Amino acid sequence: MSGMPRANYGIVAFLTIVVLASVLLLPWDLSAVQSWAALGKSWARFVEFLVAFGSPDLSAESVATAGRLMLDTLSVALLGVGLGLLLAYPLALGASRAVMLGNDLHGPGKGWWRRLTLQTCRFSLDLLRGVPDFAWALMLANFTGIGTPTGVLAIGISVAGILGKVLSEQWDNQDPQRYAFLRSTGASNLQVFLFGIQPLAARAMLSFVLMRTECAIRNASVIGVIAGGGLGSGLWDAFKDSRYDFVVTLLAAMVLLTAGADLAANLLRYQLRVDANQQRNRRLHTVSGSTTARALGVGFGAALLVGATWMLGPAFANLLDSLQQLEPEFAWGYVRRLLVSPDWSAVPVAVTESLVPLAVALLTTLGATVIAAALAYPASVSFQLQATRFTGERPSRSRRLGRWLLLLSTRGAGLVFRAIPEVAWVLILGAFFRQGLLAGVLAVMVHSTGVLLRVFAETLDNVPHRRLEQVAGACRPQIFLYGALPSAAADWKTYAFFQFEVNMRMGLVLGMVGAGGLGEAFHGNLTFFRLERACTFLWAMVLLTVLVDRLSRWLQLRRNRC
C-alpha cells in the first residue's frame, strides 16, 4: 500500500490543529499592515532605518568603543562557557544513566541511592536550564549590579544546564556493546566512563561545546540589554538615544564577532571530525596526531580564558568589594521570597501565560524547520561540489560555477541569519512591525532558520558517499530524496526538537522585552518587587522546561527501541 503511513497522517493533523490554535491564541499586533496607509508608513519607516546602514558612525572614538565592547562581549561569553562547563560536568555525570546505573541494577532496594542521585542531578539541570540567561541576569543584577560580571554569571548558570543535559544524553546514547568488554573485566562505572564512554563521545562533546560557545557569544552580545554589559548595553543605550548611526556600527560589530566565532568553530569542527568522505582528515586521527591536536586545543582554550580573565579582572574586583558590603539579611530574604515563597493565587495566571512561549516555540520551530529543510540541498557541499563522486556525472564548467554560487549564497544567507542574535533581529524587524510579538516571532524564526540550516547541511555532508552510490540513477535530487534524506531524517528531528526547547526559552525572553506571556509576567512582578508572584512565574518556567525535557528523553527512548 503506497502513500503516507496512517500514523503520519495523524501527526500532520495534530500539528495542523495545534498550529491553528497557536495562531489564534497569540495576541498579534497587525497595526503595521492592517491597511494600505499603515503599510506605506511602515515601509517608509523601515526604509529610513535602512538608510542608516549606509552611513554608520565610523569615527575613531566610535570604532574604538565598538572594539572595546566586542572584547568585553567575547570575554563574557568565554568565561561564561568555562564556568558553565565547570558546573555542568559533575551534574552531567550524575544525570547520565549509563554512568550512574551501568547495567541497571534490578530488584527491590538495589541502587536506590544511584537512582535518587540521577533524578536529583537531572532536576538540578532542569532548574539551571529552565530559567533563561536573561532572567538569571535580572535576578543577579540586584546583587552584582549592571555590568560584565552579571553577564558571565548569568550565561554560566544557563550554559551549565544546557551542557549538562546534552553531555549526559550523549553519554547515554553510546552503544553499550562498544564498551561491554570493560564491564566484563569488573571495571567500576567511573572507570567504564573514563576509558569507554567518554572517549567514544569525545568528538560529539567537542562539537556541542563549540556550538554552545557560538551561542554564548550571541547571547552575550545582547544580554547587556538587561544587565550584562558589552555590545548589548551599548546597543540599547544608542537605540534609546536615537543614535541610529552608532546603532548600525554596533550591529556591524555584533555580526563581525558572531560570524567570526561561527566560522572559526566550523573550521575547527571540520578539521577534527571523522568524515568518511574526506580522505585527508584520516591522518589527523593517528595517536600522535590526536594527542598533538588535543594539546594545542587545550593550550589555546586556556590562553583565551586567561585573556578573558585579564580583560574582566577589574570588573570582578569591584564586584567582590560590593558583595562584601551586602547585608546577609537582605540577600537571604530576597532569595527566600523569590525561590521558595510562591504566590499560589497566581498559578492560574501562570498556566495561561505559559501557553504564549509554547505557541511561539511551535510556530517558529516549524517555520524554521521547513525553510531550513528546503535550503539544505543547495547548502550541501556533497550535493553541490562533490556530486561527481557518487553520481558519475561530469558537469560543465558553467554548471560547476553555478553550483558554487548557489552554495555560497545559501550558506551566506544562513550565516547572516544566525550571526545576528534574536533580540537584534527584533530591533531590525521592529522598524517595520514595531516592537511586539509579530516582530519577535519573525526574529526567532529567521535566527532559527540559520541555526538549523547549518546543522541540516552538515548532516547531509556527513552521509557516506558509498551509501549514496547505492541509489539507482544519477539524478542528484533523486539521490537526495531516496538516499541522503532518509539517512539524515533522524538527526534532523533531534535538532528540530532541541531548537524547539531553545525557542521556548526565547519566547520567555521576548516576553521580558515586551512581547507578553510568562516572561513579561515574571519581569513585571520582579521589577515592582512583587517577589512572591515572580517566584510563581519563575517556577512555571522551570516546569515548562522539565516537561519538554522529559518529552524529549521519552521520544529519544522510543526512537532507540524502534
# chains A, B, ... in the order shown; residues from 1 in each chain; ligands from 1
>>> residues_around(residues="A:Met504", least_positions_apart="5", cutoff="8 Å", atoms="only C-alpha atoms", output="list in words")
Pro357, Leu358, Val360 and Ala361 of chain A
>>> residues_around(residues="stretch 28-37 of chain A", least_positions_apart="5", cutoff="7 Å", atoms="only C-alpha atoms", output="PyMOL selection string")
chain A and resi 42+433+436-438
>>> residues_around(residues="A:Phe53", least_positions_apart="5", cutoff="10 Å", atoms="only C-alpha atoms", output="list of chain:residue names")
A:Glu48, A:Tyr244, A:Asp245, A:Phe246, A:Val247, A:Val248, A:Thr249, A:Leu251, A:Ala252
>>> residues_around(residues="stretch 413-422 of chain A", least_positions_apart="3", cutoff="6 Å", atoms="only C-alpha atoms", output="PDB file with N, CA and C atoms, in the first residue's frame")
ATOM      1  N   ARG A 218      26.655  35.017  20.960  1.00  0.00           N
ATOM      2  CA  ARG A 218      25.459  35.737  20.504  1.00  0.00           C
ATOM      3  C   ARG A 218      24.657  36.241  21.702  1.00  0.00           C
ATOM      4  N   VAL A 255      27.682  41.456  14.226  1.00  0.00           N
ATOM      5  CA  VAL A 255      27.730  40.479  13.133  1.00  0.00           C
ATOM      6  C   VAL A 255      29.160  39.996  12.920  1.00  0.00           C
ATOM      7  N   THR A 258      30.069  37.565  15.927  1.00  0.00           N
ATOM      8  CA  THR A 258      29.375  36.275  15.919  1.00  0.00           C
ATOM      9  C   THR A 258      29.696  35.478  14.664  1.00  0.00           C
ATOM     10  N   ALA A 259      29.821  36.150  13.516  1.00  0.00           N
ATOM     11  CA  ALA A 259      30.164  35.431  12.290  1.00  0.00           C
ATOM     12  C   ALA A 259      31.588  34.894  12.363  1.00  0.00           C
ATOM     13  N   THR A 410      23.548  30.493  -0.450  1.00  0.00           N
ATOM     14  CA  THR A 410      22.695  29.856   0.557  1.00  0.00           C
ATOM     15  C   THR A 410      23.371  29.831   1.911  1.00  0.00           C
ATOM     16  N   TRP A 425      17.588  41.054  15.832  1.00  0.00           N
ATOM     17  CA  TRP A 425      16.598  40.932  14.751  1.00  0.00           C
ATOM     18  C   TRP A 425      15.292  41.631  15.134  1.00  0.00           C
ATOM     19  N   ALA A 443      11.639  37.292  14.185  1.00  0.00           N
ATOM     20  CA  ALA A 443      13.062  37.346  14.535  1.00  0.00           C
ATOM     21  C   ALA A 443      13.574  35.970  14.953  1.00  0.00           C
ATOM     22  N   VAL A 444      12.827  35.283  15.822  1.00  0.00           N
ATOM     23  CA  VAL A 444      13.244  33.951  16.274  1.00  0.00           C
ATOM     24  C   VAL A 444      13.235  32.969  15.108  1.00  0.00           C
ATOM     25  N   VAL A 446      13.725  33.628  11.871  1.00  0.00           N
ATOM     26  CA  VAL A 446      14.863  33.902  10.987  1.00  0.00           C
ATOM     27  C   VAL A 446      16.145  33.353  11.589  1.00  0.00           C
ATOM     28  N   HIS A 447      16.376  33.633  12.877  1.00  0.00           N
ATOM     29  CA  HIS A 447      17.596  33.157  13.524  1.00  0.00           C
ATOM     30  C   HIS A 447      17.623  31.628  13.574  1.00  0.00           C
ATOM     31  N   GLY A 450      18.724  30.006  10.341  1.00  0.00           N
ATOM     32  CA  GLY A 450      20.173  29.971  10.147  1.00  0.00           C
ATOM     33  C   GLY A 450      20.842  28.868  10.943  1.00  0.00           C
ATOM     34  N   VAL A 451      20.396  28.655  12.188  1.00  0.00           N
ATOM     35  CA  VAL A 451      20.989  27.603  13.024  1.00  0.00           C
ATOM     36  C   VAL A 451      20.692  26.228  12.441  1.00  0.00           C
TER      37      VAL A 451
END
>>> select_by_dssp(residues="stretch 380-554 of chain A", states="alpha helix (DSSP H)", output="PyMOL selection string")
chain A and resi 381-384+388-391+397-419+422-433+437-461+465-468+476-479+485-510+518-527+531-554
>>> atom_distance(atom1="atom CA of A:Leu267", atom2="atom CA of A:Leu231")
25.1 Å
>>> atom_distance(atom1="atom CA of A:Ala44", atom2="atom CA of A:Phe432")
8.4 Å
>>> residues_around(residues="A:Met70", least_positions_apart="5", cutoff="10 Å", atoms="only C-alpha atoms", output="list in words")
Ala64, Thr65, Ser75, Val76, Ile217, Ala220, Ser221, Gly230, Leu231, Gly232, Leu250, Ala253, Met254, Leu256, Leu257 and Thr258 of chain A
>>> closest_residue(among="A:Gln325, A:Ser382, A:Gln177, A:Thr391", to="A:Leu407", atoms="only C-alpha atoms")
A:Ser382
>>> residues_around(residues="stretch 81-87 of chain A", least_positions_apart="2", cutoff="8 Å", atoms="only C-alpha atoms", output="PyMOL selection string")
chain A and resi 77-79+89-91+153+155-161+163-164+212-213+216+305
>>> atom_distance(atom1="atom CA of A:Ala261", atom2="atom CA of A:Ser207")
13.4 Å
>>> closest_residue(among="A:Leu468, A:Leu429, A:Ala368, A:Met205", to="A:Tyr482", atoms="only C-alpha atoms")
A:Leu468
>>> residues_around(residues="A:Tyr495", least_positions_apart="3", cutoff="12 Å", atoms="only C-alpha atoms", output="PyMOL selection string")
chain A and resi 166+208+365-366+368-369+372-373+448-449+451-459+488-492+498-502+552+556
>>> closest_atom_pairs(of="stretch 312-385 of chain A", to="stretch 129-144 of chain A", cutoff="10 Å", atoms="only C-alpha atoms", output="tab-separated table")
residue	atom	partner	partner_atom	distance
A:Phe316	CA	A:Thr144	CA	9.5
A:Asn318	CA	A:Thr144	CA	9.6
A:Leu319	CA	A:Thr144	CA	6.3
A:Leu320	CA	A:Thr144	CA	8.8
A:Ser322	CA	A:Thr144	CA	7.7
A:Leu323	CA	A:Phe143	CA	7.2
A:Leu326	CA	A:Phe143	CA	7.8
A:Phe330	CA	A:Phe143	CA	9.9
A:Ala331	CA	A:Phe143	CA	7.9
A:Tyr334	CA	A:Asn142	CA	9.2
A:Val335	CA	A:Met139	CA	9.3
A:Leu338	CA	A:Met139	CA	8.9
>>> decode(residues="stretch 474-500 of chain A", atoms="N, CA and C atoms", output="PDB file, in the first residue's frame")
ATOM      1  N   ALA A 474      21.325   8.540 -11.576  1.00  0.00           N
ATOM      2  CA  ALA A 474      22.397   9.511 -11.378  1.00  0.00           C
ATOM      3  C   ALA A 474      21.870  10.918 -11.141  1.00  0.00           C
ATOM      4  N   CYS A 475      20.594  11.054 -10.847  1.00  0.00           N
ATOM      5  CA  CYS A 475      19.996  12.372 -10.645  1.00  0.00           C
ATOM      6  C   CYS A 475      20.206  12.818  -9.207  1.00  0.00           C
ATOM      7  N   ARG A 476      20.802  13.966  -9.017  1.00  0.00           N
ATOM      8  CA  ARG A 476      21.087  14.443  -7.665  1.00  0.00           C
ATOM      9  C   ARG A 476      19.833  14.589  -6.803  1.00  0.00           C
ATOM     10  N   PRO A 477      18.743  15.191  -7.298  1.00  0.00           N
ATOM     11  CA  PRO A 477      17.544  15.294  -6.451  1.00  0.00           C
ATOM     12  C   PRO A 477      17.000  13.935  -6.020  1.00  0.00           C
ATOM     13  N   GLN A 478      17.059  12.938  -6.908  1.00  0.00           N
ATOM     14  CA  GLN A 478      16.581  11.607  -6.530  1.00  0.00           C
ATOM     15  C   GLN A 478      17.469  10.989  -5.456  1.00  0.00           C
ATOM     16  N   ILE A 479      18.767  11.144  -5.597  1.00  0.00           N
ATOM     17  CA  ILE A 479      19.690  10.614  -4.597  1.00  0.00           C
ATOM     18  C   ILE A 479      19.484  11.328  -3.263  1.00  0.00           C
ATOM     19  N   PHE A 480      19.190  12.625  -3.320  1.00  0.00           N
ATOM     20  CA  PHE A 480      18.900  13.369  -2.098  1.00  0.00           C
ATOM     21  C   PHE A 480      17.645  12.835  -1.416  1.00  0.00           C
ATOM     22  N   LEU A 481      16.577  12.627  -2.190  1.00  0.00           N
ATOM     23  CA  LEU A 481      15.299  12.221  -1.612  1.00  0.00           C
ATOM     24  C   LEU A 481      15.322  10.784  -1.096  1.00  0.00           C
ATOM     25  N   TYR A 482      15.983   9.887  -1.838  1.00  0.00           N
ATOM     26  CA  TYR A 482      15.903   8.462  -1.503  1.00  0.00           C
ATOM     27  C   TYR A 482      17.170   7.920  -0.837  1.00  0.00           C
ATOM     28  N   GLY A 483      18.236   8.721  -0.801  1.00  0.00           N
ATOM     29  CA  GLY A 483      19.472   8.260  -0.179  1.00  0.00           C
ATOM     30  C   GLY A 483      19.877   9.085   1.023  1.00  0.00           C
ATOM     31  N   ALA A 484      20.056  10.406   0.827  1.00  0.00           N
ATOM     32  CA  ALA A 484      20.563  11.258   1.905  1.00  0.00           C
ATOM     33  C   ALA A 484      19.484  11.595   2.925  1.00  0.00           C
ATOM     34  N   LEU A 485      18.289  11.946   2.457  1.00  0.00           N
ATOM     35  CA  LEU A 485      17.239  12.389   3.369  1.00  0.00           C
ATOM     36  C   LEU A 485      16.841  11.311   4.377  1.00  0.00           C
ATOM     37  N   PRO A 486      16.626  10.046   3.957  1.00  0.00           N
ATOM     38  CA  PRO A 486      16.315   9.018   4.969  1.00  0.00           C
ATOM     39  C   PRO A 486      17.438   8.828   5.989  1.00  0.00           C
ATOM     40  N   SER A 487      18.685   8.983   5.560  1.00  0.00           N
ATOM     41  CA  SER A 487      19.809   8.832   6.488  1.00  0.00           C
ATOM     42  C   SER A 487      19.894   9.987   7.475  1.00  0.00           C
ATOM     43  N   ALA A 488      19.483  11.186   7.041  1.00  0.00           N
ATOM     44  CA  ALA A 488      19.607  12.375   7.883  1.00  0.00           C
ATOM     45  C   ALA A 488      18.351  12.681   8.685  1.00  0.00           C
ATOM     46  N   ALA A 489      17.237  12.011   8.365  1.00  0.00           N
ATOM     47  CA  ALA A 489      15.947  12.391   8.949  1.00  0.00           C
ATOM     48  C   ALA A 489      15.946  12.317  10.471  1.00  0.00           C
ATOM     49  N   ALA A 490      16.526  11.249  11.036  1.00  0.00           N
ATOM     50  CA  ALA A 490      16.511  11.088  12.491  1.00  0.00           C
ATOM     51  C   ALA A 490      17.267  12.230  13.170  1.00  0.00           C
ATOM     52  N   ASP A 491      18.428  12.592  12.620  1.00  0.00           N
ATOM     53  CA  ASP A 491      19.196  13.700  13.202  1.00  0.00           C
ATOM     54  C   ASP A 491      18.463  15.022  13.027  1.00  0.00           C
ATOM     55  N   TRP A 492      17.814  15.203  11.893  1.00  0.00           N
ATOM     56  CA  TRP A 492      17.037  16.426  11.683  1.00  0.00           C
ATOM     57  C   TRP A 492      15.944  16.562  12.736  1.00  0.00           C
ATOM     58  N   LYS A 493      15.259  15.466  13.053  1.00  0.00           N
ATOM     59  CA  LYS A 493      14.216  15.515  14.079  1.00  0.00           C
ATOM     60  C   LYS A 493      14.808  15.893  15.436  1.00  0.00           C
ATOM     61  N   THR A 494      15.969  15.319  15.758  1.00  0.00           N
ATOM     62  CA  THR A 494      16.618  15.624  17.034  1.00  0.00           C
ATOM     63  C   THR A 494      16.983  17.099  17.114  1.00  0.00           C
ATOM     64  N   TYR A 495      17.594  17.630  16.054  1.00  0.00           N
ATOM     65  CA  TYR A 495      17.971  19.043  16.042  1.00  0.00           C
ATOM     66  C   TYR A 495      16.741  19.944  16.131  1.00  0.00           C
ATOM     67  N   ALA A 496      15.677  19.587  15.409  1.00  0.00           N
ATOM     68  CA  ALA A 496      14.469  20.408  15.412  1.00  0.00           C
ATOM     69  C   ALA A 496      13.833  20.424  16.793  1.00  0.00           C
ATOM     70  N   PHE A 497      13.818  19.262  17.472  1.00  0.00           N
ATOM     71  CA  PHE A 497      13.216  19.226  18.804  1.00  0.00           C
ATOM     72  C   PHE A 497      14.048  20.021  19.788  1.00  0.00           C
ATOM     73  N   PHE A 498      15.369  19.937  19.681  1.00  0.00           N
ATOM     74  CA  PHE A 498      16.217  20.737  20.558  1.00  0.00           C
ATOM     75  C   PHE A 498      16.006  22.224  20.286  1.00  0.00           C
ATOM     76  N   GLN A 499      15.842  22.602  19.019  1.00  0.00           N
ATOM     77  CA  GLN A 499      15.600  24.001  18.687  1.00  0.00           C
ATOM     78  C   GLN A 499      14.264  24.467  19.253  1.00  0.00           C
ATOM     79  N   PHE A 500      13.286  23.547  19.329  1.00  0.00           N
ATOM     80  CA  PHE A 500      12.004  23.891  19.944  1.00  0.00           C
ATOM     81  C   PHE A 500      12.210  24.323  21.392  1.00  0.00           C
TER      82      PHE A 500
END
